[in-house]
Amino acid sequence: MRQSDTSAPATGARTVTVPADRAGQRLDNFLLGQLKGAPRSLVYKLVRSGQVRVNGGRAKAERKLDAGDEVRIPPVRLQMPDEDGKSPPPKGLLSALDAAIVFEDARLLAISKPSGMASHGGSGVSFGVIETLRALRPNELFELVHRLDRDTSGLMVIAKKRSALVELQALLREDHGAGIEKRYLALLAGRMPDGVMAVDAPLHVGLRQGGERHVQVNPAGKPSLSHFRVLERRGGQSYCEVRIETGRTHQIRVHARHIGHPVAGDDKYGDAAANKRLREQVGLKRLFLHASTLDFALEGGKAPYSLSAPLAPELLDVLDRLG
């Protein structure tokens, strides 16, 4: 049955040869690039139903493509913007993201992500960073290099070239962060000891009823290493710099809880009573965790990258009130 005329015309089935600069890209991400405007849920449905073929055979969404692979893309009828009840990102969101850009060159773009904004859409979120950025600049290529928790603010890097994406993701996968240095700023509950505290505790991601992810220190988990250093103490709390050598889900938050000094404002792993006091006394209404710096080098670059995002204004206000 044909869909109504509120949809854009369906494209015919076509076969696309994977170019060299897309080698190593996941099938789902490749399809999202080919089917502009298609929701991720539709892409997964097409793959699961076998309508997408790679070299004549069925494939999974997470399959890594090779240069020269032949990908069959089925006819798809996409809804035109605003005609299926969905509207593009609000102008305020587009403006906020545009203002959040802290660095850009030919290969990369970096933003200071606001707290409360997801890295990508899904799970009830219509627009994340990547969808909003693509709407802001529809004629440019953008791919997420990494993600930040929705409640964490700070530095996020987006690739503008496939080669930069592949190289950066390889650096992120290196054991113990040898290729990239990631630092965060966090307010931890209570008085941390002086010096640097290394937390080497494996983390395991489990699912609670309803599908919510919950991370715990568990010997069966993945190796995880964080370094906490007190910068100053304010109002009985510890303002810290945190350097992580691995990038596990909720790593800093779970390691902070593990050492008895949870991140202030953390409603998942934190101290409810301490959070209540900080909310009432200094107005802390969010997680006090901010991705502050990334340092790395790319092949062929004139100089290493040293990117930073200033502490979010609402967190600076909290520090001032604590002081």
# chains A, B, ... in the order shown; residues from 1 in each chain; ligands from 1

call {"tool": "select_by_dssp", "arguments": {"residues": "range 51-298 of chain A", "states": "alpha helix (DSSP H)", "output": "ChimeraX atom specification"}}
result
/A:91-99,129-136,162-173,251-258,272-282

call {"tool": "select_by_dssp", "arguments": {"residues": "range 154-288 of chain A", "states": "strand (DSSP E or B)", "output": "number ranges by chain"}}
result
A: 154-159, 180-188, 196-200, 203-207, 213-217, 222, 225-234, 237-244, 263

call {"tool": "closest_residue", "arguments": {"among": "A:Lys182, A:Arg147, A:Arg243, A:Arg72", "to": "Arg58 in chain A", "atoms": "only C-alpha atoms"}}
result
A:Arg72

call {"tool": "residues_around", "arguments": {"residues": "range 112-115 of chain A", "least_positions_apart": "2", "cutoff": "8 Å", "atoms": "only C-alpha atoms", "output": "PyMOL selection string"}}
result
chain A and resi 97+100-102+110+117+129+150-156+286+309-310+312

call {"tool": "closest_residue", "arguments": {"among": "A:Val166, A:Ile180, A:Ile252, A:Leu207", "to": "Arg22 in chain A", "atoms": "only C-alpha atoms"}}
result
A:Val166

call {"tool": "closest_residue", "arguments": {"among": "A:Ala170, A:Ser163, A:Lys91, A:Met192", "to": "Gly300 in chain A", "atoms": "only C-alpha atoms"}}
result
A:Ser163

call {"tool": "closest_residue", "arguments": {"among": "A:Ala198, A:Val282, A:Leu185, A:Leu203", "to": "Leu311 in chain A", "atoms": "only C-alpha atoms"}}
result
A:Leu185

call {"tool": "atom_distance", "arguments": {"atom1": "CA of Ala297 in chain A", "atom2": "CA of Leu165 in chain A"}}
result
12.8 Å

call {"tool": "residues_around", "arguments": {"residues": "Thr246 in chain A", "least_positions_apart": "2", "cutoff": "12 Å", "atoms": "only C-alpha atoms", "output": "VMD selection string"}}
result
chain A and resid 171 to 183 199 to 203 222 to 227 242 to 244 248 to 252 255

call {"tool": "atom_distance", "arguments": {"atom1": "CA of His258 in chain A", "atom2": "CA of Gln216 in chain A"}}
result
8.8 Å

call {"tool": "closest_residue", "arguments": {"among": "A:Gly68, A:Pro19, A:Gly206, A:Gly247", "to": "Asp149 in chain A", "atoms": "only C-alpha atoms"}}
result
A:Gly247
